[in-house]
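Peer 1: So I've got this file, input_18.pdb, and it contains PDB, C-alpha atoms:
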```pdb
ATOM      1  CA  MET A   1       0.000   0.000   0.000  1.00  0.00           C
ATOM      2  CA  ASP A   2       1.246   3.453  -0.929  1.00  0.00           C
ATOM      3  CA  LYS A   3       0.209   6.208   1.510  1.00  0.00           C
ATOM      4  CA  GLY A   4      -0.083   8.418  -1.578  1.00  0.00           C
ATOM      5  CA  ASN A   5      -3.217   6.419  -2.410  1.00  0.00           C
ATOM      6  CA  ILE A   6      -4.790   7.148   0.983  1.00  0.00           C
ATOM      7  CA  LYS A   7      -6.639  10.411   1.625  1.00  0.00           C
ATOM      8  CA  GLY A   8      -7.182  12.105   4.981  1.00  0.00           C
ATOM      9  CA  LYS A   9      -5.631  11.501   8.417  1.00  0.00           C
ATOM     10  CA  VAL A  10      -5.834   7.716   8.423  1.00  0.00           C
ATOM     11  CA  LYS A  11      -5.044   5.785  11.607  1.00  0.00           C
ATOM     12  CA  SER A  12      -5.438   2.258  10.245  1.00  0.00           C
ATOM     13  CA  VAL A  13      -6.661   0.349   7.194  1.00  0.00           C
ATOM     14  CA  CYS A  14      -7.826  -3.263   7.341  1.00  0.00           C
ATOM     15  CA  THR A  15      -8.659  -5.250   4.213  1.00  0.00           C
ATOM     16  CA  TRP A  16     -10.613  -8.523   4.201  1.00  0.00           C
ATOM     17  CA  THR A  17     -10.444 -11.035   1.361  1.00  0.00           C
ATOM     18  CA  GLY A  18     -12.265 -14.169   2.439  1.00  0.00           C
ATOM     19  CA  GLU A  19     -10.476 -15.397   5.580  1.00  0.00           C
ATOM     20  CA  ASN A  20      -7.347 -13.345   4.880  1.00  0.00           C
ATOM     21  CA  THR A  21      -6.740  -9.942   6.462  1.00  0.00           C
ATOM     22  CA  HIS A  22      -4.179  -7.225   5.851  1.00  0.00           C
ATOM     23  CA  LYS A  23      -3.885  -4.308   8.281  1.00  0.00           C
ATOM     24  CA  PHE A  24      -1.788  -1.139   8.143  1.00  0.00           C
ATOM     25  CA  TYR A  25      -1.187   1.288  11.025  1.00  0.00           C
ATOM     26  CA  PHE A  26      -0.206   4.949  10.438  1.00  0.00           C
ATOM     27  CA  ASN A  27       1.148   7.720  12.634  1.00  0.00           C
ATOM     28  CA  GLU A  28      -0.326  11.219  12.525  1.00  0.00           C
ATOM     29  CA  GLU A  29       2.227  12.225   9.871  1.00  0.00           C
ATOM     30  CA  GLY A  30       0.697   9.629   7.550  1.00  0.00           C
ATOM     31  CA  GLN A  31       3.629   7.214   7.714  1.00  0.00           C
ATOM     32  CA  ILE A  32       3.148   3.451   8.008  1.00  0.00           C
ATOM     33  CA  VAL A  33       4.491   2.244  11.380  1.00  0.00           C
ATOM     34  CA  ARG A  34       3.272  -1.357  11.454  1.00  0.00           C
ATOM     35  CA  ARG A  35       1.660  -3.892   9.158  1.00  0.00           C
ATOM     36  CA  GLU A  36       0.051  -7.268   9.836  1.00  0.00           C
ATOM     37  CA  LEU A  37      -0.795  -9.866   7.192  1.00  0.00           C
ATOM     38  CA  ASN A  38      -2.817 -12.987   7.977  1.00  0.00           C
ATOM     39  CA  TYR A  39      -2.598 -15.207   4.901  1.00  0.00           C
ATOM     40  CA  TRP A  40      -4.065 -18.710   4.951  1.00  0.00           C
ATOM     41  CA  GLY A  41      -3.315 -19.184   8.645  1.00  0.00           C
ATOM     42  CA  ASN A  42       0.159 -17.615   8.585  1.00  0.00           C
ATOM     43  CA  THR A  43       0.590 -14.237  10.257  1.00  0.00           C
ATOM     44  CA  TYR A  44       3.413 -11.897   9.268  1.00  0.00           C
ATOM     45  CA  ILE A  45       4.392  -8.766  11.161  1.00  0.00           C
ATOM     46  CA  TYR A  46       6.159  -5.852   9.451  1.00  0.00           C
ATOM     47  CA  LEU A  47       7.998  -3.561  11.883  1.00  0.00           C
ATOM     48  CA  ASN A  48      10.833  -1.030  12.289  1.00  0.00           C
ATOM     49  CA  TYR A  49       9.726   1.289   9.512  1.00  0.00           C
ATOM     50  CA  LEU A  50      12.482   3.833   8.887  1.00  0.00           C
ATOM     51  CA  TYR A  51      12.076   7.101   6.955  1.00  0.00           C
ATOM     52  CA  ASN A  52      14.610   9.608   5.636  1.00  0.00           C
ATOM     53  CA  GLU A  53      14.634  13.350   6.349  1.00  0.00           C
ATOM     54  CA  ASP A  54      12.219  13.864   3.446  1.00  0.00           C
ATOM     55  CA  GLY A  55       9.720  11.489   5.032  1.00  0.00           C
ATOM     56  CA  LYS A  56      10.267   8.765   2.442  1.00  0.00           C
ATOM     57  CA  LEU A  57      10.325   5.107   3.447  1.00  0.00           C
ATOM     58  CA  VAL A  58      13.854   3.677   3.647  1.00  0.00           C
ATOM     59  CA  SER A  59      13.350   0.192   5.080  1.00  0.00           C
ATOM     60  CA  PHE A  60      11.241  -2.164   7.205  1.00  0.00           C
ATOM     61  CA  ASP A  61      11.671  -5.649   8.705  1.00  0.00           C
ATOM     62  CA  THR A  62       9.519  -8.760   8.341  1.00  0.00           C
ATOM     63  CA  TYR A  63       8.833 -11.335  11.069  1.00  0.00           C
ATOM     64  CA  LYS A  64       6.493 -14.274  11.570  1.00  0.00           C
ATOM     65  CA  ALA A  65       4.074 -13.885  14.480  1.00  0.00           C
ATOM     66  CA  GLU A  66       5.139 -17.179  16.083  1.00  0.00           C
ATOM     67  CA  SER A  67       8.837 -16.183  15.885  1.00  0.00           C
ATOM     68  CA  PRO A  68       8.861 -12.454  16.729  1.00  0.00           C
ATOM     69  CA  ASP A  69      12.600 -12.451  17.463  1.00  0.00           C
ATOM     70  CA  LYS A  70      13.619 -14.109  14.180  1.00  0.00           C
ATOM     71  CA  LEU A  71      14.116 -11.659  11.311  1.00  0.00           C
ATOM     72  CA  ILE A  72      12.897 -13.008   7.963  1.00  0.00           C
ATOM     73  CA  SER A  73      14.024 -10.152   5.724  1.00  0.00           C
ATOM     74  CA  THR A  74      14.608  -6.412   5.452  1.00  0.00           C
ATOM     75  CA  MET A  75      13.053  -4.489   2.579  1.00  0.00           C
ATOM     76  CA  VAL A  76      15.189  -1.559   1.415  1.00  0.00           C
ATOM     77  CA  TYR A  77      14.119   1.398  -0.760  1.00  0.00           C
ATOM     78  CA  THR A  78      16.367   3.733  -2.769  1.00  0.00           C
ATOM     79  CA  TYR A  79      15.547   7.074  -4.440  1.00  0.00           C
ATOM     80  CA  ASN A  80      17.025   9.055  -7.307  1.00  0.00           C
ATOM     81  CA  GLU A  81      18.285  12.657  -7.137  1.00  0.00           C
ATOM     82  CA  GLU A  82      14.775  13.979  -7.816  1.00  0.00           C
ATOM     83  CA  GLY A  83      13.417  12.038  -4.840  1.00  0.00           C
ATOM     84  CA  PHE A  84      11.484   9.467  -6.881  1.00  0.00           C
ATOM     85  CA  LEU A  85      11.530   5.796  -5.890  1.00  0.00           C
ATOM     86  CA  GLU A  86      14.330   4.135  -7.860  1.00  0.00           C
ATOM     87  CA  SER A  87      14.301   0.556  -6.559  1.00  0.00           C
ATOM     88  CA  PHE A  88      13.344  -1.713  -3.688  1.00  0.00           C
ATOM     89  CA  GLY A  89      14.116  -5.269  -2.710  1.00  0.00           C
ATOM     90  CA  THR A  90      15.635  -7.608  -0.130  1.00  0.00           C
ATOM     91  CA  SER A  91      18.746  -9.762  -0.025  1.00  0.00           C
ATOM     92  CA  PHE A  92      16.473 -12.742  -0.761  1.00  0.00           C
ATOM     93  CA  SER A  93      14.547 -11.337  -3.699  1.00  0.00           C
ATOM     94  CA  ARG A  94      15.203  -9.559  -6.953  1.00  0.00           C
ATOM     95  CA  SER A  95      14.902  -5.798  -6.819  1.00  0.00           C
ATOM     96  CA  VAL A  96      12.256  -3.798  -8.608  1.00  0.00           C
ATOM     97  CA  TYR A  97      13.527  -0.796 -10.592  1.00  0.00           C
ATOM     98  CA  TYR A  98      11.738   2.317 -11.883  1.00  0.00           C
ATOM     99  CA  GLU A  99      12.392   4.917 -14.577  1.00  0.00           C
ATOM    100  CA  TYR A 100      10.581   8.272 -14.914  1.00  0.00           C
ATOM    101  CA  ASP A 101       9.775  10.902 -17.506  1.00  0.00           C
ATOM    102  CA  ARG A 102      10.371  14.638 -17.064  1.00  0.00           C
ATOM    103  CA  LYS A 103       6.964  15.043 -15.415  1.00  0.00           C
ATOM    104  CA  GLY A 104       7.815  12.525 -12.707  1.00  0.00           C
ATOM    105  CA  ASN A 105       5.607   9.772 -14.108  1.00  0.00           C
ATOM    106  CA  CYS A 106       6.985   6.262 -13.780  1.00  0.00           C
ATOM    107  CA  ILE A 107       7.237   5.034 -17.373  1.00  0.00           C
ATOM    108  CA  LEU A 108       9.117   1.763 -16.900  1.00  0.00           C
ATOM    109  CA  GLU A 109       9.148  -0.859 -14.147  1.00  0.00           C
ATOM    110  CA  THR A 110      11.509  -3.834 -14.245  1.00  0.00           C
ATOM    111  CA  ARG A 111      11.008  -6.905 -12.045  1.00  0.00           C
ATOM    112  CA  ASP A 112      11.823 -10.611 -12.327  1.00  0.00           C
ATOM    113  CA  HIS A 113      12.942 -10.321 -15.972  1.00  0.00           C
ATOM    114  CA  ILE A 114       9.697  -8.575 -16.895  1.00  0.00           C
ATOM    115  CA  LYS A 115       9.548  -4.974 -18.085  1.00  0.00           C
ATOM    116  CA  ILE A 116       6.312  -3.058 -17.538  1.00  0.00           C
ATOM    117  CA  LYS A 117       5.799  -0.059 -19.804  1.00  0.00           C
ATOM    118  CA  LYS A 118       3.416   2.548 -18.385  1.00  0.00           C
ATOM    119  CA  ILE A 119       1.366   4.906 -20.554  1.00  0.00           C
ATOM    120  CA  TYR A 120      -0.319   8.123 -19.321  1.00  0.00           C
ATOM    121  CA  ASN A 121      -3.023  10.461 -20.592  1.00  0.00           C
ATOM    122  CA  ASN A 122      -2.822  14.263 -20.785  1.00  0.00           C
ATOM    123  CA  ASN A 123      -3.841  14.478 -17.111  1.00  0.00           C
ATOM    124  CA  ASN A 124      -0.808  12.379 -16.117  1.00  0.00           C
ATOM    125  CA  GLN A 125      -3.100   9.502 -15.150  1.00  0.00           C
ATOM    126  CA  LEU A 126      -1.864   5.993 -15.793  1.00  0.00           C
ATOM    127  CA  VAL A 127      -4.050   4.547 -18.533  1.00  0.00           C
ATOM    128  CA  GLU A 128      -2.283   1.371 -19.567  1.00  0.00           C
ATOM    129  CA  GLU A 129       0.486  -1.055 -18.630  1.00  0.00           C
ATOM    130  CA  LEU A 130       2.170  -3.389 -21.117  1.00  0.00           C
ATOM    131  CA  HIS A 131       4.202  -6.348 -19.846  1.00  0.00           C
ATOM    132  CA  PHE A 132       7.227  -7.595 -21.808  1.00  0.00           C
ATOM    133  CA  ARG A 133      10.039 -10.075 -21.216  1.00  0.00           C
ATOM    134  CA  ASP A 134      13.281  -8.106 -20.856  1.00  0.00           C
ATOM    135  CA  TRP A 135      15.572 -10.555 -22.641  1.00  0.00           C
ATOM    136  CA  GLU A 136      15.752 -12.119 -26.067  1.00  0.00           C
ATOM    137  CA  GLU A 137      15.264 -15.894 -26.058  1.00  0.00           C
ATOM    138  CA  THR A 138      16.607 -18.353 -28.605  1.00  0.00           C
ATOM    139  CA  ARG A 139      16.232 -22.056 -29.188  1.00  0.00           C
ATOM    140  CA  HIS A 140      18.662 -24.495 -30.799  1.00  0.00           C
ATOM    141  CA  VAL A 141      17.202 -26.175 -33.890  1.00  0.00           C
ATOM    142  CA  TRP A 142      18.558 -28.781 -36.261  1.00  0.00           C
ATOM    143  CA  GLY A 143      17.379 -31.123 -39.011  1.00  0.00           C
ATOM    144  CA  THR A 144      17.443 -31.379 -42.799  1.00  0.00           C
ATOM    145  CA  ASP A 145      16.229 -28.815 -45.277  1.00  0.00           C
ATOM    146  CA  GLU A 146      14.133 -29.412 -48.413  1.00  0.00           C
ATOM    147  CA  ASN A 147      17.266 -30.497 -50.276  1.00  0.00           C
ATOM    148  CA  GLY A 148      18.150 -33.108 -47.676  1.00  0.00           C
ATOM    149  CA  GLU A 149      21.041 -31.036 -46.330  1.00  0.00           C
ATOM    150  CA  TYR A 150      21.668 -31.155 -42.592  1.00  0.00           C
ATOM    151  CA  PHE A 151      21.472 -27.809 -40.755  1.00  0.00           C
ATOM    152  CA  GLU A 152      21.978 -26.618 -37.198  1.00  0.00           C
ATOM    153  CA  ASN A 153      21.567 -23.087 -35.802  1.00  0.00           C
ATOM    154  CA  ASP A 154      20.025 -20.851 -33.123  1.00  0.00           C
ATOM    155  CA  GLU A 155      16.600 -19.416 -33.850  1.00  0.00           C
ATOM    156  CA  MET A 156      15.212 -16.299 -32.193  1.00  0.00           C
ATOM    157  CA  LEU A 157      11.871 -16.883 -30.503  1.00  0.00           C
ATOM    158  CA  PRO A 158       9.057 -14.354 -30.978  1.00  0.00           C
ATOM    159  CA  SER A 159       9.218 -11.537 -28.448  1.00  0.00           C
ATOM    160  CA  TYR A 160       7.046 -12.115 -25.403  1.00  0.00           C
ATOM    161  CA  GLN A 161       4.261  -9.746 -24.489  1.00  0.00           C
ATOM    162  CA  GLY A 162       2.276 -10.573 -21.404  1.00  0.00           C
ATOM    163  CA  ALA A 163      -0.636  -8.868 -19.734  1.00  0.00           C
ATOM    164  CA  ARG A 164      -2.138  -5.577 -20.834  1.00  0.00           C
ATOM    165  CA  ILE A 165      -3.675  -3.654 -17.935  1.00  0.00           C
ATOM    166  CA  SER A 166      -6.070  -0.757 -18.530  1.00  0.00           C
ATOM    167  CA  TYR A 167      -7.331   1.777 -15.973  1.00  0.00           C
ATOM    168  CA  ARG A 168     -10.475   3.873 -15.820  1.00  0.00           C
ATOM    169  CA  TYR A 169     -11.272   6.743 -13.424  1.00  0.00           C
ATOM    170  CA  ASN A 170     -14.353   8.293 -11.870  1.00  0.00           C
ATOM    171  CA  ASP A 171     -15.181  12.008 -11.986  1.00  0.00           C
ATOM    172  CA  SER A 172     -13.077  12.594  -8.847  1.00  0.00           C
ATOM    173  CA  GLY A 173      -9.979  11.220 -10.545  1.00  0.00           C
ATOM    174  CA  ASP A 174      -9.936   7.980  -8.536  1.00  0.00           C
ATOM    175  CA  VAL A 175      -9.485   4.623 -10.225  1.00  0.00           C
ATOM    176  CA  SER A 176     -12.861   3.010 -10.779  1.00  0.00           C
ATOM    177  CA  PHE A 177     -12.177   0.035 -13.041  1.00  0.00           C
ATOM    178  CA  ILE A 178      -9.119  -2.067 -13.975  1.00  0.00           C
ATOM    179  CA  LYS A 179      -9.086  -4.650 -16.748  1.00  0.00           C
ATOM    180  CA  ASN A 180      -6.332  -7.241 -17.237  1.00  0.00           C
ATOM    181  CA  THR A 181      -6.123  -8.957 -20.630  1.00  0.00           C
ATOM    182  CA  TYR A 182      -3.939 -11.711 -22.035  1.00  0.00           C
ATOM    183  CA  GLN A 183      -1.789 -11.354 -25.131  1.00  0.00           C
ATOM    184  CA  ASP A 184      -4.658 -12.716 -27.251  1.00  0.00           C
ATOM    185  CA  LYS A 185      -6.880  -9.896 -25.824  1.00  0.00           C
ATOM    186  CA  SER A 186      -9.059 -12.286 -23.824  1.00  0.00           C
ATOM    187  CA  THR A 187      -9.973 -11.068 -20.343  1.00  0.00           C
ATOM    188  CA  MET A 188      -7.844 -12.212 -17.404  1.00  0.00           C
ATOM    189  CA  SER A 189      -9.618 -10.243 -14.668  1.00  0.00           C
ATOM    190  CA  GLU A 190     -11.692  -7.135 -13.992  1.00  0.00           C
ATOM    191  CA  LEU A 191     -11.628  -5.009 -10.836  1.00  0.00           C
ATOM    192  CA  THR A 192     -14.298  -2.488  -9.806  1.00  0.00           C
ATOM    193  CA  TYR A 193     -13.922  -0.071  -6.881  1.00  0.00           C
ATOM    194  CA  GLY A 194     -16.367   1.655  -4.513  1.00  0.00           C
ATOM    195  CA  TYR A 195     -15.320   4.659  -2.399  1.00  0.00           C
ATOM    196  CA  ASP A 196     -16.136   6.335   0.905  1.00  0.00           C
ATOM    197  CA  GLU A 197     -16.892  10.033   1.290  1.00  0.00           C
ATOM    198  CA  LYS A 198     -13.197  10.881   1.685  1.00  0.00           C
ATOM    199  CA  GLY A 199     -12.251   9.278  -1.617  1.00  0.00           C
ATOM    200  CA  ASN A 200     -10.635   6.078  -0.263  1.00  0.00           C
ATOM    201  CA  TRP A 201     -11.807   2.779  -1.676  1.00  0.00           C
ATOM    202  CA  THR A 202     -13.706   0.552   0.748  1.00  0.00           C
ATOM    203  CA  GLU A 203     -14.958  -2.134  -1.629  1.00  0.00           C
ATOM    204  CA  LYS A 204     -13.224  -3.948  -4.466  1.00  0.00           C
ATOM    205  CA  THR A 205     -14.886  -6.555  -6.658  1.00  0.00           C
ATOM    206  CA  ILE A 206     -12.599  -8.900  -8.606  1.00  0.00           C
ATOM    207  CA  VAL A 207     -13.945 -11.093 -11.394  1.00  0.00           C
ATOM    208  CA  SER A 208     -11.454 -13.654 -12.713  1.00  0.00           C
ATOM    209  CA  ASN A 209     -12.198 -16.704 -14.846  1.00  0.00           C
ATOM    210  CA  GLY A 210     -15.855 -16.402 -13.957  1.00  0.00           C
ATOM    211  CA  ASP A 211     -15.199 -16.312 -10.200  1.00  0.00           C
ATOM    212  CA  LYS A 212     -16.088 -13.225  -8.160  1.00  0.00           C
ATOM    213  CA  THR A 213     -14.101 -12.141  -5.084  1.00  0.00           C
ATOM    214  CA  GLN A 214     -15.040  -9.274  -2.797  1.00  0.00           C
ATOM    215  CA  GLU A 215     -12.486  -7.258  -0.827  1.00  0.00           C
ATOM    216  CA  THR A 216     -13.674  -4.958   1.948  1.00  0.00           C
ATOM    217  CA  ARG A 217     -11.645  -2.254   3.710  1.00  0.00           C
ATOM    218  CA  LEU A 218     -12.409  -0.716   7.096  1.00  0.00           C
ATOM    219  CA  ILE A 219     -10.632   2.630   7.365  1.00  0.00           C
ATOM    220  CA  GLU A 220     -10.124   4.209  10.787  1.00  0.00           C
ATOM    221  CA  TYR A 221      -9.382   7.919  10.683  1.00  0.00           C
ATOM    222  CA  TYR A 222      -7.881   9.851  13.563  1.00  0.00           C
ATOM    223  CA  GLU A 223     -11.253  11.561  13.846  1.00  0.00           C
ATOM    224  CA  GLY A 224     -13.113   8.228  13.927  1.00  0.00           C
ATOM    225  CA  ILE A 225     -13.962   5.089  11.955  1.00  0.00           C
ATOM    226  CA  GLN A 226     -15.334   5.670   8.474  1.00  0.00           C
ATOM    227  CA  LYS A 227     -18.424   3.586   7.765  1.00  0.00           C
ATOM    228  CA  HIS A 228     -18.665   1.621   4.508  1.00  0.00           C
ATOM    229  CA  LYS A 229     -20.605   4.247   2.606  1.00  0.00           C
ATOM    230  CA  SER A 230     -19.455   3.158  -0.808  1.00  0.00           C
ATOM    231  CA  HIS A 231     -20.927   4.688  -3.907  1.00  0.00           C
ATOM    232  CA  SER A 232     -20.828   3.603  -7.505  1.00  0.00           C
ATOM    233  CA  SER A 233     -17.452   4.602  -8.865  1.00  0.00           C
ATOM    234  CA  PHE A 234     -17.780   3.614 -12.515  1.00  0.00           C
ATOM    235  CA  SER A 235     -17.979   6.336 -15.085  1.00  0.00           C
ATOM    236  CA  PRO A 236     -16.497   6.965 -18.491  1.00  0.00           C
ATOM    237  CA  GLY A 237     -13.235   8.808 -18.472  1.00  0.00           C
ATOM    238  CA  GLY A 238      -9.555   8.418 -17.927  1.00  0.00           C
ATOM    239  CA  TRP A 239      -7.931   5.111 -16.900  1.00  0.00           C
ATOM    240  CA  LEU A 240      -4.301   4.593 -11.638  1.00  0.00           C
ATOM    241  CA  LEU A 241      -3.197   1.740  -9.873  1.00  0.00           C
ATOM    242  CA  LEU A 242      -4.476   1.374  -6.347  1.00  0.00           C
ATOM    243  CA  SER A 243      -3.502  -1.514  -4.123  1.00  0.00           C
TER     244      SER A 243
END
```
So, in terms of structure tokens, how does the structure I just supplied come out?

Peer 2:
Amino acid sequence: MDKGNIKGKVKSVCTWTGENTHKFYFNEEGQIVRRELNYWGNTYIYLNYLYNEDGKLVSFDTYKAESPDKLISTMVYTYNEEGFLESFGTSFSRSVYYEYDRKGNCILETRDHIKIKKIYNNNNQLVEELHFRDWEETRHVWGTDENGEYFENDEMLPSYQGARISYRYNDSGDVSFIKNTYQDKSTMSELTYGYDEKGNWTEKTIVSNGDKTQETRLIEYYEGIQKHKSHSSFSPGGWLLLS
């Protein structure tokens, strides 16, 4: 979760997906100070959030609830000279890297050998993501040609293009609908969002392969708990990624 996607003085955010829960705790400056993830019976605790003098997240540690003294990993974030997130990762996982345009929009994300190209509209809203493999792949082939002559060489495979993700926004500029499609343009999944009166999403509906999943978020503000007063968020218009 990016605090930039949360509006207002939020104290905590808890998301339910079936039996799984994910809860974030914030200080009054809007910085995450603790996170708890209960995933299929396993509970992970994320602690020791550190921020730099600009208030940007530098690192946090991950533990399992049953072994609170045993560090699993430390996530580390780096920033470029302009203050934009440049990369993050742990010693156990590949890093994720970002590149930006002159307006500060992230235009390229690289992770796990996949490059994600990001496209924006005139309002600097993310409208589309295109996923590509970031290396050229070949295969060794051999056999006989039409004249019976033996041949052996390396053949370049067609370039890989994965998911295409499109975003749509409501009249308030908040993401309202996300569609994921395969390379053959068939639908992978569709996400629809409902928002509270402060502009934070409280309901997310995910339809994938004919199955529907509902995610619900309870947001506690420093001035009190916000009820689930979600309204229809779908409207024609632009296309932003919200977690």

Peer 1: Between atom CA of Thr110 of chain A and atom CA of Phe132 of chain A, what is the distance, to one decimal in Å?

Peer 2: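 Straight-line distance from atom CA of Thr110 of chain A to atom CA of Phe132 of chain A works out to 9.5 Å.
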
Peer 1: Write out as a PyMOL selection string each polymer residue whose atoms come within 12 Å of Arg111 of chain A, counting only C-alpha atoms; drop sequence neighbours fewer than 4 positions from it.

Peer 2: chain A and resi 87-89+93-98+115-117+131-134

Peer 1: What do you get, as a list in words, if you spell out every residue that the PyMOL selection byres ((chain A and resi 174-187) around 6) selects here?

Peer 2: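 What the PyMOL selection byres ((chain A and resi 174-187) around 6) grabs from the file is Gly162, Ala163, Arg164, Ile165, Ser166, Tyr167, Arg168, Tyr169, Asn170, Ser172, Gly173, Met188, Ser189, Glu190, Leu191, Thr192, Tyr193, Ser233, Phe234 and Leu240 of chain A.
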
Peer 1: For atom CA of Trp201 of chain A and atom CA of Thr15 of chain A, quote the distance in Å rounded to one decimal.

Peer 2: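 Distance between the two atoms: 10.4 Å.
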
Peer 1: For segment 97-116 of chain A, what centre and edge lengths in Å (one decimal) does the axis-aligned box get once 5 Å is added on each side of all its listed atoms, as AutoDock Vina command-line options?

Peer 2:
```
--center_x 9.6 --center_y 2.2 --center_z -14.3 --size_x 17.9 --size_y 35.7 --size_z 17.5
```

Peer 1: For the file shown, report as a list in words the outcome of the PyMOL selection byres ((chain A and resi 44) around 10) at residue level.

Peer 2: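 This file, filtered by the PyMOL selection byres ((chain A and resi 44) around 10), leaves His22, Arg35, Glu36, Leu37, Asn38, Tyr39, Gly41, Asn42, Thr43, Ile45, Tyr46, Leu47, Thr62, Tyr63, Lys64, Ala65, Glu66, Ser67, Pro68 and Ile72 of chain A.
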
Peer 1: Care to translate the PyMOL selection byres ((chain A and resi 3-14) around 7) into actual residues of this file, as a list in words?

Peer 2: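 Taken on the displayed file, the PyMOL selection byres ((chain A and resi 3-14) around 7) yields the residues Met1, Asp2, Thr15, Trp16, Thr21, His22, Lys23, Phe24, Tyr25, Phe26, Asn27, Glu28, Gly30, Lys198, Gly199, Asn200, Arg217, Leu218, Ile219, Glu220, Tyr221, Tyr222 and Leu242 of chain A.
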
Peer 1: What does the distance between atom CA of Thr78 of chain A and atom CA of Asp112 of chain A come to in Å, to one decimal place?

Peer 2: 17.8 Å

Peer 1: Find, counting only C-alpha atoms, the residue in A:Lys56, A:Ile114, A:Phe92, A:Leu126 that gets nearest to Asn80 of chain A.

Peer 2: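 Looking only at the distances to Asn80 of chain A, the closest residue turns out to be A:Lys56.
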